[in-house]
Structure formats: C-alpha cells, structure tokens
>>> print(open('final.txt').read())   # compact mmCIF, C-alpha atoms
# COMPACT_ATOMS: atom_id res chain seq x y z
CA LYS R 666 47.61 -42.40 -9.42
CA SER R 667 49.60 -43.56 -6.39
CA LYS R 668 47.86 -44.16 -3.08
CA SER R 669 50.63 -42.42 -1.18
CA GLY R 670 52.05 -40.04 -3.75
CA PRO R 671 50.75 -37.16 -5.86
CA ARG R 672 48.73 -37.55 -9.05
CA SER R 673 50.65 -38.38 -12.15
CA ILE R 674 50.05 -36.15 -15.14
CA THR R 675 49.76 -37.54 -18.62
CA GLU R 676 50.25 -35.42 -21.69
CA PRO R 677 47.33 -35.78 -24.11
CA LYS R 678 48.02 -36.79 -27.65
CA GLY R 679 47.46 -34.08 -30.22
CA CYS R 680 47.62 -31.21 -27.73
CA CYS R 681 48.59 -28.73 -30.42
CA GLY R 682 52.30 -29.26 -29.74
CA LEU R 683 51.96 -28.19 -26.08
CA CYS R 684 53.18 -30.07 -23.06
CA CYS R 685 49.92 -29.90 -21.09
CA THR R 686 51.32 -30.90 -17.69
CA SER R 687 49.40 -28.49 -15.41
CA TYR R 688 46.15 -30.39 -15.27
CA GLU R 689 44.88 -33.93 -15.08
CA VAL R 690 43.94 -35.24 -18.49
CA ASP R 691 40.84 -37.30 -19.08
CA LYS R 692 39.05 -38.37 -22.23
CA LEU R 693 36.94 -35.22 -22.39
CA SER R 694 39.98 -32.97 -21.98
CA ARG R 695 41.80 -34.94 -24.64
CA PHE R 696 38.86 -34.61 -27.03
CA LEU R 697 38.44 -30.88 -26.48
CA SER R 698 42.10 -29.97 -26.78
CA GLY R 699 43.14 -32.58 -29.32
CA THR R 700 40.12 -32.80 -31.62
CA TRP R 701 37.57 -30.06 -31.05
CA VAL R 702 39.81 -27.00 -30.87
CA PRO R 703 41.93 -27.93 -33.92
CA PHE R 704 38.69 -28.33 -35.88
CA ILE R 705 37.00 -25.08 -34.85
CA THR R 706 40.21 -23.08 -35.30
CA SER R 707 40.75 -24.43 -38.81
CA GLN R 708 39.55 -22.40 -41.79
CA ALA R 709 36.61 -24.75 -42.37
CA GLY R 710 35.71 -24.74 -38.68
CA MET R 711 35.85 -20.97 -38.40
CA ALA R 712 33.75 -20.58 -41.54
CA LEU R 713 31.14 -23.02 -40.26
CA THR R 714 31.10 -21.38 -36.83
CA GLY R 715 30.81 -17.94 -38.41
CA VAL R 716 27.86 -18.96 -40.58
CA VAL R 717 25.97 -20.69 -37.75
CA PHE R 718 26.35 -17.84 -35.28
CA SER R 719 25.73 -15.16 -37.91
CA VAL R 720 22.39 -16.76 -38.78
CA LEU R 721 21.58 -17.07 -35.08
CA LEU R 722 22.50 -13.42 -34.51
CA ILE R 723 20.36 -12.20 -37.43
CA LEU R 724 17.33 -14.17 -36.23
CA SER R 725 17.89 -12.92 -32.68
CA VAL R 726 18.18 -9.28 -33.71
CA LEU R 727 14.94 -9.58 -35.67
CA GLY R 728 13.32 -11.25 -32.66
CA CYS R 729 14.46 -8.40 -30.40
CA MET R 730 12.89 -5.91 -32.80
CA TRP R 731 9.58 -7.75 -33.03
CA ILE R 732 9.07 -9.24 -29.56
CA PRO R 733 5.94 -7.80 -27.91
CA VAL R 734 5.41 -6.80 -24.30
CA ASN R 735 2.41 -8.69 -23.00
CA PHE R 736 1.14 -10.41 -19.89
CA GLU R 737 -2.16 -11.88 -18.77
CA LEU R 738 -2.84 -13.05 -15.25
CA GLU R 739 -4.68 -16.07 -16.66
CA TRP R 740 -1.33 -17.47 -17.81
CA PHE R 741 -0.63 -18.43 -14.22
CA LEU R 742 -3.58 -20.83 -14.29
CA PRO R 743 -2.69 -24.47 -15.02
CA ASN R 744 -4.05 -25.38 -18.44
CA ASP R 745 -6.02 -28.27 -16.99
CA SER R 746 -7.87 -26.19 -14.37
CA TYR R 747 -11.59 -25.43 -14.57
CA VAL R 748 -10.87 -21.67 -14.41
CA TRP R 749 -8.71 -21.94 -17.53
CA GLU R 750 -11.46 -23.91 -19.26
CA PHE R 751 -14.07 -21.30 -18.27
CA SER R 752 -11.92 -18.46 -19.60
CA ASN R 753 -11.43 -20.15 -22.96
CA LEU R 754 -15.09 -21.13 -23.34
CA ASN R 755 -16.22 -17.63 -22.38
CA LYS R 756 -13.98 -16.09 -25.05
CA LEU R 757 -15.06 -18.68 -27.64
CA TYR R 758 -18.84 -18.66 -27.23
CA PHE R 759 -19.93 -15.58 -25.31
CA SER R 760 -17.16 -12.99 -25.50
CA THR R 761 -18.68 -10.97 -22.68
CA GLY R 762 -16.79 -8.82 -20.25
CA THR R 763 -16.04 -10.21 -16.82
CA THR R 764 -13.85 -7.42 -15.42
CA LYS R 765 -15.78 -5.03 -13.20
CA PHE R 766 -14.54 -1.52 -12.51
CA ASN R 767 -15.62 1.59 -10.63
CA VAL R 768 -15.45 5.26 -11.52
CA TYR R 769 -14.85 7.41 -8.45
CA THR R 770 -15.62 11.12 -8.28
CA LYS R 771 -14.41 13.53 -5.64
CA GLY R 772 -16.83 15.84 -3.90
CA GLY R 773 -16.67 17.88 -0.73
CA SER R 774 -18.09 21.07 0.68
CA GLY R 775 -15.74 23.41 -1.23
CA PRO R 776 -16.67 24.99 -4.61
CA GLU R 777 -14.35 22.62 -6.48
CA GLY R 778 -16.10 19.62 -4.96
CA ASP R 779 -19.66 20.92 -5.01
CA TYR R 780 -21.70 18.58 -7.22
CA PHE R 781 -24.24 21.34 -7.83
CA ARG R 782 -21.56 23.41 -9.55
CA ARG R 783 -20.34 20.36 -11.47
CA GLN R 784 -23.59 19.19 -13.03
CA ASP R 785 -22.17 19.59 -16.54
CA GLU R 786 -19.19 17.40 -15.62
CA LEU R 787 -21.46 14.76 -14.11
CA ARG R 788 -23.47 14.65 -17.32
CA ALA R 789 -20.29 14.46 -19.43
CA LEU R 790 -19.00 11.60 -17.31
CA HIS R 791 -22.33 9.80 -17.53
CA SER R 792 -22.37 10.21 -21.33
CA PHE R 793 -18.84 8.90 -21.72
CA VAL R 794 -19.44 5.75 -19.68
CA ARG R 795 -22.71 5.12 -21.49
CA GLU R 796 -21.25 5.56 -24.97
CA THR R 797 -17.63 4.38 -24.89
CA ASP R 798 -16.70 1.12 -26.59
CA TYR R 799 -14.54 0.22 -23.60
CA VAL R 800 -17.67 -0.58 -21.55
CA ASP R 801 -19.83 -3.66 -22.06
CA HIS R 802 -23.27 -2.14 -22.60
CA THR R 803 -24.99 -5.52 -22.30
CA GLU R 804 -24.07 -5.51 -18.61
CA ALA R 805 -25.73 -3.32 -16.01
CA VAL R 806 -24.16 0.05 -15.22
CA THR R 807 -24.77 1.27 -11.68
CA ASP R 808 -25.02 5.00 -12.42
CA TRP R 809 -26.64 6.96 -9.59
CA TYR R 810 -26.70 10.22 -11.53
CA GLN R 811 -28.70 8.78 -14.44
CA THR R 812 -31.28 7.27 -12.07
CA PHE R 813 -31.39 10.55 -10.17
CA GLN R 814 -32.19 12.41 -13.40
CA GLU R 815 -35.02 9.98 -14.11
CA TYR R 816 -36.29 10.37 -10.55
CA VAL R 817 -36.36 14.16 -10.82
CA THR R 818 -38.87 14.06 -13.69
CA THR R 819 -41.00 11.12 -12.50
CA THR R 820 -41.27 11.47 -8.73
CA THR R 821 -44.55 12.36 -7.06
CA ASP R 822 -42.77 14.22 -4.28
CA ALA R 823 -44.69 17.40 -3.44
CA ALA R 824 -41.52 19.49 -3.74
CA ALA R 825 -41.08 18.38 -7.34
CA GLY R 826 -44.13 20.27 -8.57
CA ASP R 827 -43.69 22.80 -11.37
CA ASP R 828 -40.22 21.47 -12.13
CA TRP R 829 -39.08 21.76 -8.55
CA GLY R 830 -40.45 25.24 -8.17
CA GLY R 831 -38.89 26.41 -11.41
CA ALA R 832 -35.39 25.48 -10.26
CA TYR R 833 -35.03 22.57 -12.72
CA ASP R 834 -34.66 23.03 -16.48
CA THR R 835 -35.96 19.97 -18.33
CA ALA R 836 -34.11 20.98 -21.52
CA THR R 837 -30.65 21.20 -19.99
CA LYS R 838 -31.46 18.76 -17.15
CA LYS R 839 -29.82 21.11 -14.66
CA PHE R 840 -30.80 22.70 -11.37
CA SER R 841 -30.35 26.42 -11.06
CA ASP R 842 -30.61 26.53 -7.26
CA LYS R 843 -28.18 24.75 -4.94
CA ALA R 844 -30.62 24.22 -2.09
CA THR R 845 -33.19 22.70 -4.45
CA PHE R 846 -30.54 20.47 -6.04
CA TYR R 847 -29.55 18.93 -2.71
CA ALA R 848 -33.19 18.76 -1.59
CA ALA R 849 -33.97 16.73 -4.73
CA LEU R 850 -30.87 14.57 -4.24
CA SER R 851 -31.77 13.89 -0.60
CA SER R 852 -35.32 12.99 -1.65
CA PHE R 853 -33.89 10.53 -4.18
CA TYR R 854 -31.42 9.12 -1.66
CA THR R 855 -34.08 8.39 0.94
CA SER R 856 -36.63 7.04 -1.56
CA SER R 857 -37.04 3.46 -2.72
CA ASP R 858 -35.51 4.46 -6.08
CA GLY R 859 -32.28 5.45 -4.40
CA THR R 860 -31.96 2.41 -2.14
CA ARG R 861 -29.48 0.55 -4.36
CA TYR R 862 -27.33 3.66 -4.73
CA ARG R 863 -26.84 4.44 -1.05
CA SER R 864 -23.52 2.63 -1.07
CA SER R 865 -22.47 4.74 -4.08
CA LEU R 866 -22.85 8.12 -2.35
CA SER R 867 -20.84 9.36 0.61
CA TRP R 868 -22.18 12.53 2.21
CA VAL R 869 -20.13 15.21 3.95
CA ASP R 870 -22.50 15.02 6.90
CA LYS R 871 -22.29 11.34 7.82
CA ALA R 872 -25.58 11.58 9.67
CA CYS R 873 -27.26 11.73 6.26
CA GLU R 874 -26.22 8.11 5.62
CA ASP R 875 -28.07 6.72 8.65
CA ARG R 876 -31.81 6.20 8.36
CA GLU R 877 -32.29 7.13 12.01
CA THR R 878 -30.56 10.52 11.69
CA TRP R 879 -31.01 11.64 8.09
CA ASP R 880 -34.13 13.64 8.95
CA THR R 881 -31.99 16.04 10.99
CA CYS R 882 -28.76 16.06 8.97
CA ASN R 883 -27.51 18.95 6.84
CA TRP R 884 -27.92 17.75 3.25
CA GLU R 885 -26.67 21.05 1.81
CA ARG R 886 -23.15 20.31 2.98
CA GLY R 887 -22.99 18.17 -0.11
CA VAL R 888 -21.60 14.84 -1.25
CA ALA R 889 -18.05 13.92 -0.27
CA ALA R 890 -17.58 11.31 -2.98
CA SER R 891 -19.49 9.01 -5.29
CA ARG R 892 -18.90 6.07 -7.56
CA MET R 893 -20.46 4.26 -10.48
CA ASP R 894 -19.98 0.62 -11.47
CA ALA R 895 -19.60 -0.91 -14.94
CA THR R 896 -17.98 -3.80 -16.81
CA PHE R 897 -15.20 -3.63 -19.37
CA ALA R 898 -16.04 -4.94 -22.83
CA ALA R 899 -14.40 -8.27 -23.68
CA SER R 900 -12.58 -6.71 -26.66
CA ALA R 901 -11.10 -4.02 -24.42
CA VAL R 902 -9.42 -6.55 -22.13
CA ALA R 903 -8.36 -9.15 -24.69
CA GLY R 904 -4.62 -9.40 -24.16
CA GLY R 905 -2.21 -7.59 -21.91
CA THR R 906 -1.47 -4.75 -24.34
CA ASN R 907 -5.17 -4.05 -24.89
CA ARG R 908 -5.74 -4.05 -21.13
CA TYR R 909 -2.98 -1.56 -20.51
CA ASN R 910 -4.17 0.72 -23.32
CA THR R 911 -7.75 0.48 -22.03
CA MET R 912 -6.65 1.42 -18.52
CA VAL R 913 -4.60 4.41 -19.69
CA THR R 914 -7.29 5.66 -22.07
CA MET R 915 -10.03 5.30 -19.47
CA ARG R 916 -8.00 7.32 -16.98
CA GLU R 917 -7.48 10.10 -19.50
CA GLU R 918 -11.06 10.20 -20.76
CA VAL R 919 -12.66 10.00 -17.32
CA LYS R 920 -10.44 12.82 -16.03
CA LYS R 921 -11.27 14.85 -19.15
CA ALA R 922 -14.99 14.42 -18.52
CA MET R 923 -14.76 15.29 -14.82
CA ASP R 924 -11.64 16.66 -13.21
CA GLY R 925 -10.55 14.52 -10.26
CA ALA R 926 -12.58 11.48 -11.33
CA PHE R 927 -10.76 8.22 -12.00
CA PRO R 928 -11.54 4.59 -12.86
CA TYR R 929 -10.26 1.71 -10.77
CA ALA R 930 -10.30 -2.07 -10.84
CA ARG R 931 -8.30 -4.53 -8.76
CA GLU R 932 -6.82 -5.90 -11.97
CA PHE R 933 -5.15 -2.55 -12.71
CA ALA R 934 -2.19 -3.53 -10.51
CA ASN R 935 -1.44 -6.39 -12.91
CA TRP R 936 -2.19 -4.38 -16.06
CA GLU R 937 0.35 -1.74 -15.07
CA GLU R 938 3.11 -4.26 -15.68
CA VAL R 939 2.78 -4.11 -19.46
CA GLY R 940 3.49 -0.39 -19.45
CA ILE R 941 6.66 -0.48 -17.36
CA ILE R 942 8.25 -3.91 -17.73
CA GLY R 943 10.01 -3.08 -21.01
CA SER R 944 11.81 -0.07 -19.57
CA GLU R 945 12.47 -1.96 -16.32
CA LEU R 946 14.12 -4.81 -18.23
CA LEU R 947 16.28 -2.40 -20.20
CA SER R 948 17.37 -0.41 -17.14
CA ASN R 949 18.18 -3.56 -15.17
CA LEU R 950 20.19 -4.98 -18.06
CA LEU R 951 22.16 -1.74 -18.34
CA ILE R 952 22.86 -1.63 -14.60
CA CYS R 953 23.94 -5.26 -14.25
CA SER R 954 25.94 -5.03 -17.49
CA ALA R 955 27.86 -2.02 -16.20
CA VAL R 956 28.74 -3.89 -13.00
CA ILE R 957 29.67 -7.06 -14.89
CA PHE R 958 31.86 -5.19 -17.36
CA ALA R 959 33.72 -3.54 -14.51
CA VAL R 960 34.29 -6.89 -12.80
CA VAL R 961 35.42 -8.55 -16.04
CA PHE R 962 38.00 -5.83 -16.70
CA ALA R 963 39.19 -6.09 -13.08
CA MET R 964 39.47 -9.90 -13.01
CA ILE R 965 40.87 -10.30 -16.56
CA PRO R 966 43.35 -7.40 -16.87
CA ASP R 967 43.89 -7.93 -20.58
CA PRO R 968 41.81 -5.47 -22.64
CA LYS R 969 41.69 -7.70 -25.71
CA VAL R 970 40.49 -10.74 -23.81
CA SER R 971 38.08 -8.70 -21.65
CA CYS R 972 36.51 -7.11 -24.72
CA TRP R 973 35.91 -10.53 -26.27
CA VAL R 974 34.28 -11.73 -23.05
CA ILE R 975 32.00 -8.69 -22.98
CA LEU R 976 31.11 -9.16 -26.65
CA CYS R 977 30.29 -12.80 -25.93
CA ILE R 978 28.02 -11.78 -23.05
CA ILE R 979 26.23 -9.18 -25.17
CA LEU R 980 25.65 -11.63 -28.01
CA SER R 981 24.36 -14.23 -25.55
CA ILE R 982 21.77 -11.82 -24.14
CA VAL R 983 20.73 -10.73 -27.63
CA ASP R 984 20.27 -14.39 -28.55
CA VAL R 985 18.19 -15.11 -25.45
CA LEU R 986 15.93 -12.10 -26.00
CA GLY R 987 15.59 -12.75 -29.71
CA MET R 988 14.73 -16.42 -29.28
CA LEU R 989 11.85 -15.47 -26.95
CA TYR R 990 10.03 -14.11 -29.99
CA TRP R 991 10.53 -17.28 -32.05
CA TRP R 992 9.40 -19.37 -29.06
CA ASP R 993 6.18 -17.29 -28.95
CA ILE R 994 7.05 -15.80 -25.55
CA THR R 995 6.53 -12.16 -24.60
CA ILE R 996 8.39 -9.69 -22.41
CA ASN R 997 6.88 -9.75 -18.92
CA SER R 998 7.97 -9.98 -15.29
CA ILE R 999 8.69 -13.71 -15.52
CA THR R 1000 10.83 -13.57 -18.64
CA THR R 1001 12.58 -10.47 -17.30
CA ILE R 1002 13.78 -12.45 -14.28
CA TYR R 1003 15.09 -15.27 -16.46
CA VAL R 1004 16.86 -12.91 -18.85
CA LEU R 1005 18.67 -11.24 -15.94
CA ILE R 1006 19.65 -14.65 -14.55
CA SER R 1007 20.99 -15.66 -17.96
CA VAL R 1008 23.38 -12.70 -17.84
CA GLY R 1009 25.13 -14.33 -14.90
CA LEU R 1010 25.34 -17.67 -16.68
CA ALA R 1011 26.79 -16.02 -19.79
CA VAL R 1012 29.47 -14.39 -17.63
CA ASP R 1013 30.48 -17.68 -16.02
CA TYR R 1014 30.98 -19.65 -19.21
CA ALA R 1015 32.73 -16.92 -21.18
CA ALA R 1016 34.94 -15.63 -18.36
CA HIS R 1017 36.29 -19.04 -17.31
CA ILE R 1018 37.40 -19.95 -20.81
CA ALA R 1019 38.86 -16.48 -21.45
CA HIS R 1020 40.74 -16.46 -18.15
CA MET R 1021 42.40 -19.78 -18.96
CA PHE R 1022 43.21 -18.53 -22.46
CA LYS R 1023 44.95 -15.52 -20.95
CA GLU R 1024 47.03 -17.70 -18.60
CA ALA R 1025 48.09 -20.09 -21.38
CA THR R 1026 51.19 -19.63 -23.56
CA GLY R 1027 52.03 -20.19 -27.19
CA THR R 1028 50.18 -19.28 -30.35
CA ALA R 1029 46.49 -18.41 -30.33
CA GLN R 1030 45.56 -21.95 -31.37
CA GLU R 1031 47.84 -23.49 -28.75
CA ARG R 1032 46.40 -21.25 -26.04
CA ALA R 1033 42.87 -22.23 -27.10
CA CYS R 1034 43.82 -25.90 -26.89
CA GLU R 1035 45.21 -25.52 -23.39
CA ALA R 1036 42.29 -23.39 -22.18
CA LEU R 1037 39.66 -25.84 -23.35
CA GLY R 1038 41.68 -28.82 -22.16
CA ARG R 1039 41.98 -27.37 -18.65
CA ILE R 1040 38.62 -25.69 -18.01
CA GLY R 1041 36.47 -26.99 -20.88
CA PRO R 1042 35.26 -30.14 -19.05
CA CYS R 1043 34.27 -28.08 -15.99
CA VAL R 1044 32.32 -25.58 -18.07
CA LEU R 1045 30.67 -28.32 -20.12
CA ASN R 1046 29.69 -30.22 -16.98
CA ALA R 1047 28.23 -27.03 -15.50
CA MET R 1048 26.18 -26.45 -18.65
CA ILE R 1049 24.90 -30.03 -18.73
CA SER R 1050 24.01 -30.07 -15.02
CA THR R 1051 22.14 -26.77 -15.37
CA PHE R 1052 20.25 -28.13 -18.36
CA LEU R 1053 19.32 -31.32 -16.48
CA ALA R 1054 18.14 -29.30 -13.48
CA VAL R 1055 15.85 -27.20 -15.68
CA LEU R 1056 14.75 -30.27 -17.65
CA MET R 1057 13.12 -31.63 -14.48
CA LEU R 1058 10.60 -28.78 -14.74
CA SER R 1059 9.66 -29.52 -18.35
CA MET R 1060 6.51 -31.42 -17.38
CA SER R 1061 5.21 -28.61 -15.16
CA LYS R 1062 1.92 -26.93 -16.05
CA SER R 1063 2.81 -23.68 -14.31
CA TYR R 1064 3.63 -20.71 -16.56
CA VAL R 1065 6.59 -19.80 -14.35
CA PHE R 1066 8.34 -23.09 -15.22
CA VAL R 1067 6.98 -23.59 -18.71
>>> encode(input="final.txt", output="structure tokens")
Amino acid sequence: KSKSGPRSITEPKGCCGLCCTSYEVDKLSRFLSGTWVPFITSQAGMALTGVVFSVLLILSVLGCMWIPVNFELEWFLPNDSYVWEFSNLNKLYFSTGTTKFNVYTKGGSGPEGDYFRRQDELRALHSFVRETDYVDHTEAVTDWYQTFQEYVTTTTDAAAGDDWGGAYDTATKKFSDKATFYAALSSFYTSSDGTRYRSSLSWVDKACEDRETWDTCNWERGVAASRMDATFAASAVAGGTNRYNTMVTMREEVKKAMDGAFPYAREFANWEEVGIIGSELLSNLLICSAVIFAVVFAMIPDPKVSCWVILCIILSIVDVLGMLYWWDITINSITTIYVLISVGLAVDYAAHIAHMFKEATGTAQERACEALGRIGPCVLNAMISTFLAVLMLSMSKSYVFV
C-alpha cells in the first residue's frame, strides 16, 4: 500500500480460477475463497454439510413440536436471593399456597343485582369455593355469606325469634321475605360477628357503612357489591401452564355459580401471558417475515437467489425455536423477543452472502468463492463480535440475560 497512491490489489492463490481484483485480499479472504469454499462445494463437503444440517433440522423440528409455553414470575428472581430460596424451600417442605385471590360479586338495587333474589347463587358460589381443589382449604377463607348463615341460626337478636318470624327456612337456608333478609343482614353487619366482613360488603346506601349513620340508612336498598377472600392451592399454581389453566377454570366456574361474579388476583396479569404468547409469537413472526420477504425480493432481484435467502432465514428461525426445547427453555415474552431479534440477524448474514453471489460471475463454485472472499470476512467478524458481546452477559444471574 502506497502512502500517496491507491491500495494495491493482490490476487489470492487458489481463487477458483478467478481474478479476484475487486477487493483487498487478506489471510481470511484467502482462506475462505481458496480453501473453505472449494471444500464445502466438493462432493464430500456437500455430503457432510447436508448430513449435519439435516440432523440439526430434524432435531429442531421435533423441538418446535414439543416446546411448551410456560412462564413464572419467580424466574426473574436472582437464584442467590432470599426470595428465591424461600420459594424453593416452601415448595420442598410445606407446599402451601401463597397466592391470595378475591371473588367479587355484583349487586345493586335492580332485580338482577338483588342478593335476596340470588340466594341460591350465593350458596352455589359458597359451595364451589369451599369444595374446589383449586383453593387451599388449610388457609382461612373470608366468606361473609357463610358466617352470615351461621349468625342467622345462632344470634340472640329479638327479631330472630321463631326463625325470623317464619321468614327463614332452616332446611333450605333461605329467606322468603326481602325485608326480613336485609334486616337480618343489617343485624349481622352491625354486630360483632360481622365486624371483620364490613370491608367485604358495599351497600347501595353508603350511609349504611358508617357507624354514625347506619341507624338511619335504608338497608333495603341492598348490597352494591361483595367479595370473599381465599388462597390458591400450591398444586394449582405450580408452573405457568397450571396457573393459566387455574385462572381460566376459576373464571368459568365462578361465573357458572353466580352470574356476574369473577375471581381476581394481582398475579393474573402475569398468568395471562401463557395463554396468548404462543399466538403472539406466531403472528409477529408472520408479519415480520412478510415484510422481510418483500424487502429481500426488492433488494435481490433474482428469484432463485432470493428464494434461497428466504429458505435460509426460515431454517434459521426453525433451528432457534427448536433448540429452545433442547436447552430446556420455554416460549414466553423474553424468548419471544429474542426469537424476533434473531430474524433480523438471519437476514443480515444470508442476504449479504447472497447479494455478493449474485454480483459475481463465472460458474456457481467460482461465484461462491468470490462472494465469500469479498464479504465472508465482514460477515464472520460480525458474527464473532455479536457472540463476544452476548458472552459478556454469560455470568449474569438475571433470567433475561441467562
């Protein structure tokens, strides 16, 4: 190279018979075009390459078929944190539920929200929560309706005499008179038995919720809403898939027991992911693939070459998804992000090589030699630098980087 003049170009030895004078040759270029390409384009090289990538493709396809969709918020905890240690010890020795949830019921002054008219539904809801395997029955259940039923038959309130004046049937555990039902409920609410449930009942007449005004409020306007508290069983929330199934089943069963009622826990926002992330990943892959394919055909206006680039991209994504299974990784929001990023990387490496192949001349082998000699070092350096950048995160204890 002259200080004052242009670069001098040296033809590499063994460049498949080509005069490679359009790029600066270095040792890596010489190796790729003079040694590597002749080997991989030989019959033995193509056979070896075919076997290796066929095995990889078969394993990846199987992985794509078997990979589960799963996510647990605990994965974000560093594995040396005390919260991680607590979670593991709790599962190992006690296996008790730690996830609290509420069941909300809608009331109101209308017939559809009148709790007097919905006594059968209240009892059905109470029975479901008390009997379902999704609830940890070793933990307390804050059920105002059950305590109210016990209060009705045990209270010494003067109005409760003769089964509340004949308005209460002890066999069916139902009131036959609306006024008596709300009189009994107001008596329970203001008694010491109902103290702990005052935060679980919201009355239509808000004056009923204040000790100073409840003597003059209109109890018969009814209850606007109520809630009960319980704890999920440990088995019901063991793993992301179980959590999602528990959430969906609880919603269905609670609504079946009492129309308009629904369960809720703060963790539901995270559990929802398992149910939608698979379809979200697929739709995003289809959208970005459509855009990428259009760009590839536009930038490499040779159908044969463009189709090979697209095939290479598809196989790369199949390999990435399939290897997740063999690496014991599941489909979730984190892996979805990385899979979509990998699409862009697959485009870069395949498209650069293919574009240079299209611009080269000669036989297929000669064009491969020139393409890899010209752009191969750049692509290889990009791959190595990306690997080194990611390698710096290998010692991290965060799930995002692991």
>>> atom_distance(input="final.txt", atom1="atom CA of R:Ser1063", atom2="atom CA of R:Val1004")
18.3 Å
>>> closest_residue(input="final.txt", among="R:Lys838, R:Arg916, R:Arg861, R:His1017", to="R:Asp785", atoms="only C-alpha atoms")
R:Lys838
>>> closest_atom_pairs(input="final.txt", of="stretch 852-958 of chain R", to="stretch 990-997 of chain R", cutoff="8 Å", atoms="only C-alpha atoms", output="JSON lines")
{"residue": "R:Glu938", "atom": "CA", "partner": "R:Asn997", "partner_atom": "CA", "distance": 7.4}
{"residue": "R:Val939", "atom": "CA", "partner": "R:Asn997", "partner_atom": "CA", "distance": 7.0}
{"residue": "R:Ile942", "atom": "CA", "partner": "R:Asn997", "partner_atom": "CA", "distance": 6.1}
{"residue": "R:Gly943", "atom": "CA", "partner": "R:Ile996", "partner_atom": "CA", "distance": 6.9}
>>> atom_distance(input="final.txt", atom1="atom CA of R:Ala963", atom2="atom CA of R:Glu1035")
22.8 Å
>>> residues_near_point(input="final.txt", point="(41.1, -10.1, -24.7)", cutoff="12 Å", atoms="all atoms listed in the file", output="PyMOL selection string")
chain R and resi 961-962+964-977+1015-1016+1018-1024+1029
>>> atom_distance(input="final.txt", atom1="atom CA of R:Val983", atom2="atom CA of R:Phe1052")
19.7 Å
>>> residues_around(input="final.txt", residues="stretch 736-749 of chain R", least_positions_apart="2", cutoff="12 Å", atoms="all atoms listed in the file", output="number ranges by chain")
R: 733-734, 751-756, 902-909, 932-943, 994-1001, 1060-1067
>>> decode(input="final.txt", residues="stretch 838-844 of chain R", atoms="all heavy atoms", output="CSV table (one decimal), in the first residue's frame")
chain,number,residue,atom,x,y,z
R,838,LYS,N,-82.2,-23.0,54.0
R,838,LYS,CA,-81.3,-21.9,54.4
R,838,LYS,C,-81.5,-20.7,53.6
R,838,LYS,O,-80.6,-20.0,53.1
R,838,LYS,CB,-79.8,-22.3,54.4
R,838,LYS,CG,-79.5,-23.4,55.3
R,838,LYS,CD,-78.0,-23.8,55.3
R,838,LYS,CE,-77.6,-24.9,56.2
R,838,LYS,NZ,-76.2,-25.2,56.2
R,839,LYS,N,-82.8,-20.4,53.4
R,839,LYS,CA,-83.2,-19.2,52.5
R,839,LYS,C,-84.3,-18.4,53.2
R,839,LYS,O,-85.1,-18.9,54.0
R,839,LYS,CB,-83.8,-19.7,51.2
R,839,LYS,CG,-82.7,-20.3,50.3
R,839,LYS,CD,-83.4,-20.9,49.0
R,839,LYS,CE,-84.2,-19.9,48.3
R,839,LYS,NZ,-84.8,-20.4,47.0
R,840,PHE,N,-84.3,-17.1,53.0
R,840,PHE,CA,-85.3,-16.2,53.4
R,840,PHE,C,-86.4,-16.1,52.4
R,840,PHE,O,-86.1,-16.1,51.2
R,840,PHE,CB,-84.7,-14.8,53.7
R,840,PHE,CG,-83.9,-14.7,55.0
R,840,PHE,CD1,-82.6,-15.0,55.0
R,840,PHE,CD2,-84.6,-14.3,56.2
R,840,PHE,CE1,-81.9,-14.9,56.2
R,840,PHE,CE2,-83.9,-14.2,57.3
R,840,PHE,CZ,-82.5,-14.5,57.4
R,841,SER,N,-87.6,-16.0,52.8
R,841,SER,CA,-88.7,-15.9,51.9
R,841,SER,C,-89.2,-14.5,51.8
R,841,SER,O,-90.1,-14.2,51.0
R,841,SER,CB,-89.9,-16.8,52.3
R,841,SER,OG,-90.3,-16.5,53.7
R,842,ASP,N,-88.7,-13.6,52.7
R,842,ASP,CA,-89.2,-12.2,52.7
R,842,ASP,C,-88.0,-11.3,52.5
R,842,ASP,O,-87.0,-11.4,53.2
R,842,ASP,CB,-89.9,-11.9,54.0
R,842,ASP,CG,-90.4,-10.5,54.0
R,842,ASP,OD1,-91.3,-10.1,53.3
R,842,ASP,OD2,-89.8,-9.7,54.8
R,843,LYS,N,-88.0,-10.4,51.5
R,843,LYS,CA,-86.9,-9.5,51.2
R,843,LYS,C,-86.6,-8.6,52.4
R,843,LYS,O,-85.4,-8.4,52.8
R,843,LYS,CB,-87.2,-8.7,50.0
R,843,LYS,CG,-86.2,-7.7,49.6
R,843,LYS,CD,-86.5,-6.9,48.3
R,843,LYS,CE,-85.4,-5.9,48.0
R,843,LYS,NZ,-85.8,-5.2,46.7
R,844,ALA,N,-87.6,-8.0,53.0
R,844,ALA,CA,-87.4,-7.0,54.1
R,844,ALA,C,-86.7,-7.7,55.3
R,844,ALA,O,-85.8,-7.2,55.9
R,844,ALA,CB,-88.7,-6.4,54.6
